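Student: File coords_1.txt follows (compact mmCIF, C-alpha atoms):
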# COMPACT_ATOMS: atom_id res chain seq x y z
CA MET A 1355 35.02 34.94 7.41
CA PRO A 1356 32.14 32.77 8.71
CA THR A 1357 28.76 33.11 7.06
CA GLU A 1358 25.28 32.41 8.30
CA THR A 1359 25.13 29.11 6.42
CA THR A 1360 28.41 27.84 7.89
CA PRO A 1361 28.20 28.39 11.67
CA THR A 1362 31.44 28.11 13.63
CA GLY A 1363 32.42 27.87 17.23
CA LEU A 1364 32.13 25.29 19.96
CA ARG A 1365 28.38 25.75 20.40
CA SER A 1366 27.54 24.97 16.78
CA ARG A 1367 29.83 21.91 16.80
CA ILE A 1368 28.14 20.40 19.85
CA PHE A 1369 24.50 21.45 20.02
CA ALA A 1370 21.91 20.91 17.29
CA ASP A 1371 22.64 23.04 14.24
CA LEU A 1372 19.78 25.53 13.84
CA THR A 1373 21.00 26.89 10.51
CA PRO A 1374 18.07 25.41 8.50
CA LEU A 1375 15.62 27.17 10.83
CA ARG A 1376 17.45 30.48 10.45
CA THR A 1377 17.99 30.46 6.70
CA SER A 1378 14.69 29.10 5.35
CA ALA A 1379 11.36 30.54 6.50
CA ASP A 1380 9.50 27.78 4.63
CA TYR A 1381 11.45 25.03 6.39
CA ARG A 1382 11.06 26.82 9.73
CA ARG A 1383 7.27 26.89 9.34
CA LEU A 1384 7.22 23.27 8.13
CA TRP A 1385 9.34 22.08 11.05
CA THR A 1386 7.36 24.06 13.62
CA GLY A 1387 4.03 22.90 12.23
CA ASN A 1388 5.15 19.28 12.15
CA THR A 1389 6.48 19.50 15.72
CA VAL A 1390 3.23 20.90 17.11
CA SER A 1391 0.99 18.53 15.16
CA TRP A 1392 3.16 15.49 15.98
CA VAL A 1393 2.82 16.13 19.71
CA GLY A 1394 -0.95 16.39 19.19
CA GLN A 1395 -1.03 13.11 17.25
CA GLN A 1396 0.82 11.30 20.03
CA MET A 1397 -1.63 12.72 22.57
CA THR A 1398 -4.48 11.38 20.46
CA ALA A 1399 -2.81 7.97 20.08
CA LEU A 1400 -2.67 7.57 23.86
CA ALA A 1401 -6.20 8.92 24.35
CA VAL A 1402 -7.60 6.41 21.82
CA SER A 1403 -5.86 3.52 23.59
CA LEU A 1404 -7.21 4.68 26.95
CA GLN A 1405 -10.71 5.09 25.54
CA VAL A 1406 -10.68 1.64 23.93
CA TYR A 1407 -9.67 0.08 27.26
CA ASP A 1408 -12.28 2.16 29.10
CA ILE A 1409 -14.97 0.77 26.79
CA THR A 1410 -13.82 -2.86 26.52
CA HIS A 1411 -11.56 -3.49 29.56
CA SER A 1412 -9.58 -5.70 27.17
CA THR A 1413 -5.84 -5.43 26.51
CA PHE A 1414 -6.38 -7.43 23.30
CA SER A 1415 -8.72 -4.72 22.06
CA VAL A 1416 -6.09 -2.11 22.86
CA GLY A 1417 -3.52 -4.13 20.93
CA LEU A 1418 -5.79 -4.05 17.88
CA VAL A 1419 -5.37 -0.26 17.82
CA GLY A 1420 -1.74 -0.73 16.83
CA LEU A 1421 -2.70 -3.24 14.16
CA CYS A 1422 -5.28 -0.84 12.73
CA SER A 1423 -2.49 1.71 12.36
CA LEU A 1424 0.25 -0.63 11.12
CA VAL A 1425 -1.61 -2.25 8.23
CA PRO A 1426 -2.55 1.04 6.47
CA LEU A 1427 0.99 2.37 6.96
CA VAL A 1428 2.48 -0.66 5.23
CA VAL A 1429 -0.17 -0.87 2.52
CA PHE A 1430 -0.44 2.82 1.71
CA GLY A 1431 3.17 3.82 2.40
CA LEU A 1432 4.38 2.84 -1.07
CA TYR A 1433 1.23 4.18 -2.72
CA GLY A 1434 1.53 7.50 -0.93
CA GLY A 1435 5.11 7.82 -2.16
CA ALA A 1436 3.98 7.23 -5.77
CA ILE A 1437 1.32 9.93 -5.44
CA ALA A 1438 3.92 12.32 -4.01
CA ASP A 1439 5.99 11.76 -7.19
CA THR A 1440 2.97 12.51 -9.40
CA VAL A 1441 1.09 15.52 -8.01
CA ASP A 1442 1.98 18.84 -6.41
CA ARG A 1443 3.45 17.79 -3.05
CA ARG A 1444 2.14 20.94 -1.38
CA THR A 1445 -1.41 20.03 -2.46
CA LEU A 1446 -0.99 16.44 -1.28
CA GLY A 1447 0.42 17.64 2.05
CA LEU A 1448 -2.50 20.02 2.54
CA ALA A 1449 -5.13 17.42 1.60
CA SER A 1450 -3.68 14.71 3.84
CA ALA A 1451 -3.26 17.13 6.77
CA LEU A 1452 -6.88 18.23 6.33
CA GLY A 1453 -7.93 14.58 6.34
CA ALA A 1454 -6.06 13.93 9.59
CA THR A 1455 -7.62 17.05 11.11
CA ALA A 1456 -11.08 15.82 10.11
CA MET A 1457 -10.41 12.50 11.84
CA SER A 1458 -9.54 14.31 15.08
CA VAL A 1459 -12.79 16.29 14.72
CA VAL A 1460 -14.67 12.99 14.43
CA LEU A 1461 -13.01 11.68 17.59
CA ALA A 1462 -13.78 14.88 19.50
CA THR A 1463 -17.40 14.92 18.34
CA ALA A 1464 -17.92 11.27 19.27
CA ALA A 1465 -16.43 11.86 22.71
CA LEU A 1466 -18.59 14.96 23.30
CA LEU A 1467 -21.69 12.98 22.30
CA HIS A 1468 -20.59 10.01 24.47
CA VAL A 1469 -20.55 7.60 21.52
CA GLN A 1470 -19.08 4.39 22.94
CA GLN A 1471 -18.33 2.43 19.77
CA VAL A 1472 -14.96 0.73 19.53
CA TRP A 1473 -15.36 0.04 15.80
CA LEU A 1474 -15.54 3.80 15.19
CA LEU A 1475 -12.23 4.32 16.99
CA TYR A 1476 -10.61 1.55 14.93
CA VAL A 1477 -11.85 3.06 11.67
CA VAL A 1478 -10.62 6.53 12.60
CA VAL A 1479 -7.18 5.21 13.60
CA ALA A 1480 -6.89 3.37 10.27
CA LEU A 1481 -7.86 6.49 8.32
CA GLN A 1482 -5.39 8.57 10.33
CA ALA A 1483 -2.66 6.12 9.32
CA VAL A 1484 -3.68 6.46 5.67
CA CYS A 1485 -3.39 10.26 5.96
CA PHE A 1486 0.06 9.91 7.54
CA ALA A 1487 1.17 7.51 4.79
CA MET A 1488 0.16 10.14 2.23
CA ASN A 1489 1.54 13.14 4.11
CA SER A 1490 4.95 11.90 5.19
CA PRO A 1491 6.49 11.16 1.73
CA ALA A 1492 5.22 14.50 0.42
CA ARG A 1493 6.51 16.49 3.40
CA THR A 1494 9.90 14.74 3.55
CA SER A 1495 10.44 15.07 -0.21
CA MET A 1496 10.01 18.83 0.09
CA ILE A 1497 12.99 19.34 2.38
CA PRO A 1498 15.75 18.98 -0.30
CA ARG A 1499 13.87 21.61 -2.33
CA LEU A 1500 13.85 24.05 0.60
CA LEU A 1501 17.45 23.67 1.78
CA PRO A 1502 20.92 23.28 0.24
CA THR A 1503 22.43 19.80 0.39
CA GLU A 1504 24.97 20.70 3.08
CA GLN A 1505 22.14 21.59 5.48
CA LEU A 1506 20.28 18.27 5.12
CA PRO A 1507 22.07 16.50 8.04
CA ALA A 1508 21.17 19.39 10.35
CA ALA A 1509 17.56 19.36 9.11
CA ASN A 1510 17.25 15.61 9.63
CA ALA A 1511 18.71 15.92 13.13
CA LEU A 1512 16.05 18.54 13.89
CA ASN A 1513 13.38 16.25 12.43
CA SER A 1514 14.58 13.38 14.65
CA LEU A 1515 14.34 15.71 17.64
CA THR A 1516 10.73 16.46 16.72
CA SER A 1517 9.89 12.78 16.39
CA ASN A 1518 11.44 11.68 19.66
CA LEU A 1519 10.24 14.63 21.73
CA GLY A 1520 6.73 13.97 20.44
CA LEU A 1521 6.96 10.28 21.29
CA MET A 1522 8.11 11.17 24.81
CA GLY A 1523 6.06 14.26 25.60
CA GLY A 1524 2.87 13.60 23.65
CA PRO A 1525 1.70 10.57 25.66
CA MET A 1526 2.61 12.21 28.98
CA LEU A 1527 0.71 15.36 28.06
CA GLY A 1528 -2.19 13.29 26.74
CA GLY A 1529 -2.44 11.32 29.97
CA VAL A 1530 -2.59 14.51 32.02
CA ILE A 1531 -5.22 16.12 29.77
CA VAL A 1532 -7.44 13.03 29.63
CA GLY A 1533 -7.21 12.68 33.40
CA MET A 1534 -8.19 16.30 34.00
CA TRP A 1535 -10.68 17.11 31.23
CA GLY A 1536 -11.55 13.88 29.41
CA TYR A 1537 -10.95 12.39 25.97
CA GLN A 1538 -12.70 15.19 24.13
CA ALA A 1539 -10.18 17.73 25.43
CA ALA A 1540 -7.22 15.75 24.05
CA TYR A 1541 -8.92 15.37 20.67
CA LEU A 1542 -9.87 19.05 20.48
CA ILE A 1543 -6.30 20.10 21.30
CA ASP A 1544 -5.12 17.82 18.49
CA VAL A 1545 -7.47 19.62 16.09
CA VAL A 1546 -5.94 22.96 17.12
CA ALA A 1547 -2.42 21.53 16.84
CA PHE A 1548 -3.05 20.50 13.24
CA SER A 1549 -3.67 24.15 12.34
CA ALA A 1550 0.10 24.74 12.64
CA SER A 1551 0.82 22.06 10.04
CA LEU A 1552 -1.95 23.33 7.76
CA TYR A 1553 -0.62 26.89 7.94
CA ALA A 1554 2.92 25.73 7.13
CA MET A 1555 1.71 23.76 4.10
CA TRP A 1556 -0.45 26.66 2.93
CA ARG A 1557 2.50 29.07 2.92
CA LEU A 1558 4.71 26.79 0.82
CA PRO A 1559 5.20 27.39 -2.90
CA SER A 1560 4.04 24.83 -5.44
CA MET A 1561 6.15 21.66 -5.16
CA ARG A 1562 5.62 19.63 -8.30
CA PRO A 1563 8.12 16.77 -8.79
CA GLU A 1564 10.95 17.60 -11.18
CA HIS A 1565 10.24 14.99 -13.87
CA GLU A 1566 12.37 14.53 -16.95
CA PRO A 1567 10.26 14.83 -20.13
CA GLY A 1568 9.96 11.82 -22.40
CA ALA A 1569 11.94 11.43 -25.61
CA ASP A 1570 9.08 12.99 -27.60
CA GLY A 1571 8.82 15.94 -25.21
CA THR A 1572 5.56 14.74 -23.65
CA LYS A 1573 4.80 14.75 -19.96
CA PRO A 1574 6.00 11.64 -18.07
CA LYS A 1575 3.48 9.00 -17.14
CA ARG A 1576 2.01 8.66 -13.68
CA ALA A 1577 4.62 7.62 -11.11
CA SER A 1578 4.64 3.85 -10.56
CA VAL A 1579 5.41 2.02 -7.32
CA LEU A 1580 7.14 -0.72 -9.32
CA ASP A 1581 9.34 1.82 -11.08
CA GLY A 1582 10.42 3.11 -7.67
CA LEU A 1583 11.29 -0.40 -6.50
CA ARG A 1584 13.21 -1.06 -9.73
CA PHE A 1585 15.13 2.17 -9.22
CA LEU A 1586 16.03 1.13 -5.68
CA ALA A 1587 17.12 -2.32 -6.90
CA THR A 1588 19.73 -0.71 -9.17
CA ARG A 1589 21.07 1.81 -6.62
CA PRO A 1590 23.36 -0.12 -4.25
CA ASN A 1591 24.18 2.73 -1.85
CA LEU A 1592 20.54 3.60 -1.24
CA ARG A 1593 19.69 -0.10 -0.93
CA MET A 1594 22.37 -0.49 1.73
CA THR A 1595 20.73 2.16 3.93
CA PHE A 1596 17.63 -0.04 4.14
CA PHE A 1597 19.62 -3.24 4.72
CA ALA A 1598 21.54 -1.61 7.58
CA ASP A 1599 18.36 -0.35 9.20
CA MET A 1600 16.69 -3.74 8.91
CA ALA A 1601 19.71 -5.35 10.58
CA ALA A 1602 19.17 -3.13 13.61
CA MET A 1603 15.39 -3.20 13.77
CA VAL A 1604 14.84 -6.89 13.04
CA LEU A 1605 17.85 -8.57 14.68
CA ALA A 1606 18.43 -6.33 17.72
CA GLN A 1607 15.00 -5.10 18.81
CA PRO A 1608 14.50 -6.04 22.51
CA ARG A 1609 11.34 -3.99 23.11
CA ALA A 1610 8.96 -6.98 23.24
CA LEU A 1611 11.08 -8.54 26.00
CA PHE A 1612 11.04 -5.55 28.35
CA PRO A 1613 8.13 -6.84 30.50
CA ALA A 1614 9.92 -10.17 31.08
CA VAL A 1615 13.32 -8.55 31.48
CA ALA A 1616 12.01 -6.08 34.07
CA VAL A 1617 10.90 -8.94 36.31
CA LEU A 1618 13.52 -11.63 35.65
CA TRP A 1619 16.64 -9.45 35.54
CA PHE A 1620 15.82 -6.46 37.69
CA GLY A 1621 13.04 -7.69 40.01
CA GLY A 1622 10.92 -4.74 38.93
CA ASP A 1623 7.34 -4.02 37.94
CA ALA A 1624 5.42 -1.88 35.47
CA LYS A 1625 7.44 1.20 36.45
CA THR A 1626 10.62 -0.64 35.51
CA VAL A 1627 9.12 -1.50 32.13
CA GLY A 1628 8.36 2.18 31.65
CA LEU A 1629 11.99 3.09 32.36
CA LEU A 1630 13.24 0.48 29.89
CA VAL A 1631 10.88 1.76 27.18
CA ALA A 1632 11.82 5.39 27.82
CA ALA A 1633 15.62 4.93 27.91
CA PRO A 1634 16.21 4.58 24.12
CA ALA A 1635 13.94 7.58 23.51
CA VAL A 1636 15.92 9.64 26.02
CA GLY A 1637 19.15 8.66 24.25
CA ALA A 1638 17.61 9.54 20.88
CA VAL A 1639 16.58 12.99 22.15
CA LEU A 1640 20.08 13.61 23.52
CA GLY A 1641 21.50 12.50 20.18
CA GLY A 1642 19.36 15.13 18.48
CA LEU A 1643 20.19 17.87 20.97
CA PHE A 1644 23.94 17.29 20.65
CA SER A 1645 24.02 16.74 16.88
CA GLY A 1646 25.98 19.79 15.75
CA TRP A 1647 29.06 17.69 14.96
CA LEU A 1648 27.17 15.55 12.43
CA GLY A 1649 27.31 18.27 9.78
CA ALA A 1650 31.09 17.96 9.52
CA ILE A 1651 30.94 14.26 8.56
CA ARG A 1652 31.19 13.50 4.84
CA ARG A 1653 31.52 9.68 4.89
CA HIS A 1654 27.81 9.04 5.45
CA GLY A 1655 27.91 5.36 4.53
CA LEU A 1656 30.68 4.62 7.01
CA ALA A 1657 28.83 6.64 9.67
CA ILE A 1658 25.70 4.52 9.13
CA LEU A 1659 27.64 1.25 9.46
CA LEU A 1660 29.36 2.41 12.65
CA ALA A 1661 26.12 3.76 14.16
CA VAL A 1662 24.17 0.55 13.47
CA ALA A 1663 27.06 -1.53 14.84
CA ALA A 1664 27.05 0.69 17.95
CA TRP A 1665 23.30 0.03 18.32
CA GLY A 1666 23.85 -3.72 18.16
CA ALA A 1667 26.81 -3.64 20.56
CA ALA A 1668 24.90 -1.50 23.09
CA ILE A 1669 21.93 -3.90 22.95
CA ALA A 1670 24.25 -6.90 23.44
CA VAL A 1671 25.91 -5.31 26.48
CA PHE A 1672 22.48 -4.40 27.86
CA GLY A 1673 21.61 -8.11 27.65
CA MET A 1674 24.63 -8.98 29.77
CA THR A 1675 24.08 -6.49 32.60
CA ARG A 1676 21.87 -7.09 35.60
CA ASN A 1677 22.12 -3.60 37.04
CA LEU A 1678 19.06 -1.57 36.10
CA TRP A 1679 20.72 1.84 35.88
CA LEU A 1680 23.65 0.52 33.90
CA GLY A 1681 21.21 -1.21 31.58
CA LEU A 1682 19.32 2.05 31.09
CA VAL A 1683 22.57 3.78 30.15
CA PHE A 1684 23.29 1.24 27.40
CA LEU A 1685 19.73 1.48 26.09
CA ALA A 1686 20.18 5.25 25.94
CA VAL A 1687 23.45 4.76 24.04
CA ALA A 1688 21.56 2.56 21.58
CA GLY A 1689 18.92 5.26 21.13
CA CYS A 1690 21.60 7.87 20.47
CA ALA A 1691 23.24 5.61 17.87
CA ASP A 1692 19.86 5.13 16.20
CA THR A 1693 19.49 8.91 15.84
CA VAL A 1694 22.92 9.17 14.17
CA SER A 1695 22.01 6.34 11.79
CA MET A 1696 18.64 7.91 10.98
CA VAL A 1697 20.16 11.33 10.23
CA PHE A 1698 22.59 9.96 7.66
CA ARG A 1699 20.16 7.43 6.16
CA SER A 1700 17.60 10.18 5.61
CA THR A 1701 20.23 12.53 4.21
CA MET A 1702 21.45 9.92 1.71
CA LEU A 1703 17.89 9.21 0.59
CA GLN A 1704 17.27 12.91 0.00
CA ALA A 1705 20.61 13.89 -1.54
CA ALA A 1706 21.33 10.84 -3.72
CA THR A 1707 17.79 10.38 -5.05
CA PRO A 1708 16.50 12.39 -8.03
CA ASP A 1709 13.51 14.53 -7.14
CA ARG A 1710 11.17 12.47 -9.34
CA MET A 1711 11.85 9.39 -7.15
CA ARG A 1712 12.03 10.92 -3.67
CA GLY A 1713 8.40 10.30 -2.76
CA ARG A 1714 8.54 6.62 -3.62
CA LEU A 1715 11.75 6.01 -1.72
CA GLN A 1716 10.29 7.83 1.29
CA GLY A 1717 7.32 5.47 0.96
CA VAL A 1718 9.70 2.50 1.19
CA PHE A 1719 11.27 4.20 4.21
CA ILE A 1720 7.84 4.34 5.93
CA VAL A 1721 7.23 0.64 5.27
CA VAL A 1722 10.64 -0.32 6.69
CA VAL A 1723 10.27 1.91 9.76
CA ALA A 1724 6.73 0.68 10.41
CA GLY A 1725 7.26 -3.00 9.69
CA GLY A 1726 10.86 -3.62 10.78
CA PRO A 1727 10.40 -3.16 14.54
CA ARG A 1728 7.24 -5.32 14.52
CA LEU A 1729 9.13 -8.12 12.81
CA GLY A 1730 11.90 -7.61 15.35
CA ASP A 1731 9.40 -7.94 18.20
CA PHE A 1732 8.23 -11.25 16.76
CA LEU A 1733 11.78 -12.55 16.29
CA ALA A 1734 12.90 -11.52 19.79
CA GLY A 1735 9.81 -13.04 21.40
CA SER A 1736 10.25 -16.30 19.51
CA ALA A 1737 13.95 -16.51 20.37
CA ALA A 1738 13.24 -15.86 24.04
CA ASP A 1739 10.64 -18.66 24.10
CA LEU A 1740 12.99 -21.10 22.39
CA ALA A 1741 15.96 -20.17 24.61
CA THR A 1742 16.01 -17.36 27.20
CA PRO A 1743 15.55 -13.57 27.11
CA ALA A 1744 19.29 -13.17 27.67
CA VAL A 1745 20.14 -15.31 24.66
CA ALA A 1746 17.61 -13.40 22.55
CA VAL A 1747 18.92 -9.95 23.51
CA VAL A 1748 22.67 -10.69 23.49
CA GLY A 1749 22.44 -12.92 20.42
CA GLY A 1750 20.36 -10.36 18.55
CA GLY A 1751 22.79 -7.54 19.32
CA LEU A 1752 25.81 -9.59 18.25
CA ALA A 1753 23.99 -10.78 15.12
CA CYS A 1754 23.34 -7.14 14.22
CA VAL A 1755 27.05 -6.30 14.53
CA VAL A 1756 28.05 -9.32 12.42
CA VAL A 1757 25.50 -8.61 9.69
CA VAL A 1758 26.53 -4.94 9.49
CA ALA A 1759 30.17 -6.00 9.17
CA LEU A 1760 29.26 -8.41 6.37
CA LEU A 1761 27.25 -5.69 4.64
CA GLY A 1762 30.23 -3.36 4.79
CA LEU A 1763 32.56 -6.03 3.38
CA SER A 1764 30.12 -6.94 0.61
CA ARG A 1765 29.83 -3.32 -0.54
CA PRO A 1766 33.09 -1.44 0.22
CA ALA A 1767 31.94 1.51 -1.90
CA PHE A 1768 29.19 2.21 0.63
CA ALA A 1769 31.77 3.00 3.33
CA ARG A 1770 33.48 5.33 0.87
CA TYR A 1771 30.27 7.23 0.06
CA ASP A 1772 31.10 10.96 0.12
CA ALA A 1773 28.38 13.53 0.78
CA ARG A 1774 30.16 15.97 -1.56
CA ASP A 1775 29.46 13.61 -4.47
CA PRO A 1776 26.25 11.71 -3.57
CA GLN A 1777 26.00 8.57 -5.67
CA PRO A 1778 22.89 6.38 -5.25
Starting from the coordinates I provided, produce the structure as structure tokens.
Tutor:
Amino acid sequence: MPTETTPTGLRSRIFADLTPLRTSADYRRLWTGNTVSWVGQQMTALAVSLQVYDITHSTFSVGLVGLCSLVPLVVFGLYGGAIADTVDRRTLGLASALGATAMSVVLATAALLHVQQVWLLYVVVALQAVCFAMNSPARTSMIPRLLPTEQLPAANALNSLTSNLGLMGGPMLGGVIVGMWGYQAAYLIDVVAFSASLYAMWRLPSMRPEHEPGADGTKPKRASVLDGLRFLATRPNLRMTFFADMAAMVLAQPRALFPAVAVLWFGGDAKTVGLLVAAPAVGAVLGGLFSGWLGAIRRHGLAILLAVAAWGAAIAVFGMTRNLWLGLVFLAVAGCADTVSMVFRSTMLQAATPDRMRGRLQGVFIVVVAGGPRLGDFLAGSAADLATPAVAVVGGGLACVVVVALLGLSRPAFARYDARDPQP
């Protein structure tokens, strides 16, 4: 007889599995709060870029906004993970969410007072990134404590849906709000949106890491970033999740070439670039919406290898087509494959990592996610300059497939990884 925790039927096998939202009130509040606040953060990100350009009329100055965000994410990602493995994660989540809220208050106040200082916007963006680097490892490490292991794939699919919907809808909503009511309106809405995340964190129970006591029964020492990296170095299955992701994000990342591709391949303009940028996100959202079948998969390592190979193959085929709509379809397929890969990579990190190490490994995850695509942009741009955009895109996609195949051959146990017996 089916139970609430094991949904059956065609609907649950196709559409996103909502079981985690139904069975855990804490997770439901956390997911809802993160969804609302993430949309607000993406609105603010667009509003800041628009405001910087309005003040400077310089695209270089707008580009510096991304750099101001990237550097703190990389620098503080690992440190935030170590803190999440040391203190009460609920307290850290509350403090970092309050810090991000305060930064949005600063932006709103400056806009209301017509303060036109670009340096202030850069500083606020950097501090927002620091808050995110502290909040994300704490929040993500809580999920395995709120849900049973078998519900983690469904929860990660829901989290991917939040991320991609925010990336799509937040900027669009932000553009409309800034156009109608100004920058201060977007920032004030972001402040209100953060209240959902704060409320969710406030309602959580204490979430101290489950440390093992020392041999003499004393409390363990403060969590160390180096200890987390040493742990990862001795856990081949977890290490493979990062290698597979880097293969996709570094070798087969065509985003930096979209402006050139739009003109040279499709005879388009800025609108065409927008379509190319949006297509992977649309595919990722569809992957999240139709993710119910992922919960039945137990061979997570094999699923990651196949999903990353599908990403590379879709990018390579995109590089060979000169029909815009067909190209958009393959970019969407790549985005869908990325969602599948992300769901199982996140699940393996949560299920196969002891609680005392989850924050630090989530910190590594932030660094890879933040830095990998930027390195991929640099590699694709350099390859296109040395050869052609077609060679860069097709070659990068094929290189991704080859590297993933080599990874699978070098570590056959990864493809045999079974979610019923998670081994790091």
Student: Find the nearest atom pair between each residue of segment 1414-1528 of chain A and segment 1380-1386 of chain A for residues within 8 Å, count only C-alpha atoms, give distances in Å to one decimal, sort rows by chain and ascending number, and present the table as CSV.
Tutor:
residue,atom,partner,partner_atom,distance
A:Ile1497,CA,A:Tyr1381,CA,7.1
A:Leu1500,CA,A:Tyr1381,CA,6.3
A:Leu1501,CA,A:Tyr1381,CA,7.7
A:Asn1513,CA,A:Trp1385,CA,7.2
Student: How about saving the chosen residues, C-alpha atoms kept, as a CSV table (one decimal), in the frame of the given file?
Tutor:
chain,number,residue,atom,x,y,z
A,1497,ILE,CA,13.0,19.3,2.4
A,1500,LEU,CA,13.8,24.0,0.6
A,1501,LEU,CA,17.4,23.7,1.8
A,1513,ASN,CA,13.4,16.2,12.4
Student: I'd like the contact shell of segment 1687-1693 of chain A - 7 Å cut-off, only C-alpha atoms, skipping same-chain residues fewer than 5 positions apart - returned as a list in words.
Tutor: Ser1514, Pro1634, Ala1635, Gly1637, Ala1638, Leu1640, Gly1641, Gly1642, Ala1661, Val1662, Ala1664, Trp1665, Ala1668 and Ile1669 of chain A
Student: Give one line per residue of segment 1398-1426 of chain A that approaches segment 1543-1553 of chain A to at most 12 Å, naming the two atoms of the closest pair and their distance in Å to one decimal, counting only C-alpha atoms; sort by chain then ascending residue number and deliver it as JSON lines.
Tutor:
{"residue": "A:Thr1398", "atom": "CA", "partner": "A:Asp1544", "partner_atom": "CA", "distance": 6.8}
{"residue": "A:Ala1399", "atom": "CA", "partner": "A:Asp1544", "partner_atom": "CA", "distance": 10.2}
{"residue": "A:Leu1400", "atom": "CA", "partner": "A:Asp1544", "partner_atom": "CA", "distance": 11.8}
{"residue": "A:Ala1401", "atom": "CA", "partner": "A:Asp1544", "partner_atom": "CA", "distance": 10.7}
Student: Which is closer to Phe1597 of chain A than all the others in A:Leu1519, A:Val1758, A:Ala1379, A:Ile1531, using only C-alpha atoms?
Tutor: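 Selected residue with least distance to Phe1597 of chain A: A:Val1758.
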Student: Counting all atoms listed in the file, figure out which residue out of A:Ala1587, A:Ala1741, A:Met1496, A:Val1604 gets nearest to Pro1559 of chain A.
Tutor: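 With all atoms listed in the file as the atom set, the closest residue is A:Met1496.
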Student: Taking all atoms listed in the file into account, which of A:Leu1660, A:Ile1720, A:Leu1648, A:Ile1409 comes nearest Ala1598 of chain A?
Tutor: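 Selected residue with least distance to Ala1598 of chain A: A:Leu1660.
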Student: Which residue is closest to Gln1716 of chain A? Choose from A:Ala1456, A:Leu1481, A:Ala1667, A:Ala1438 and count all atoms listed in the file.
Tutor: A:Ala1438
Student: Measuring between only C-alpha atoms, which one of A:Ser1412, A:Thr1626, A:Ser1736, A:Gln1396 shows the shortest distance to Met1522 of chain A?
Tutor: A:Gln1396
Student: Would you compute, for all listed atoms of segment 1616-1626 of chain A, the axis-aligned bounding box grown by 3 Å on each side, and then report its centre and edge lengths in Å rounded to one decimal, as lines of an AutoDock Vina configuration file?
Tutor:
center_x = 11.0
center_y = -5.2
center_z = 37.0
size_x = 17.2
size_y = 18.8
size_z = 11.9
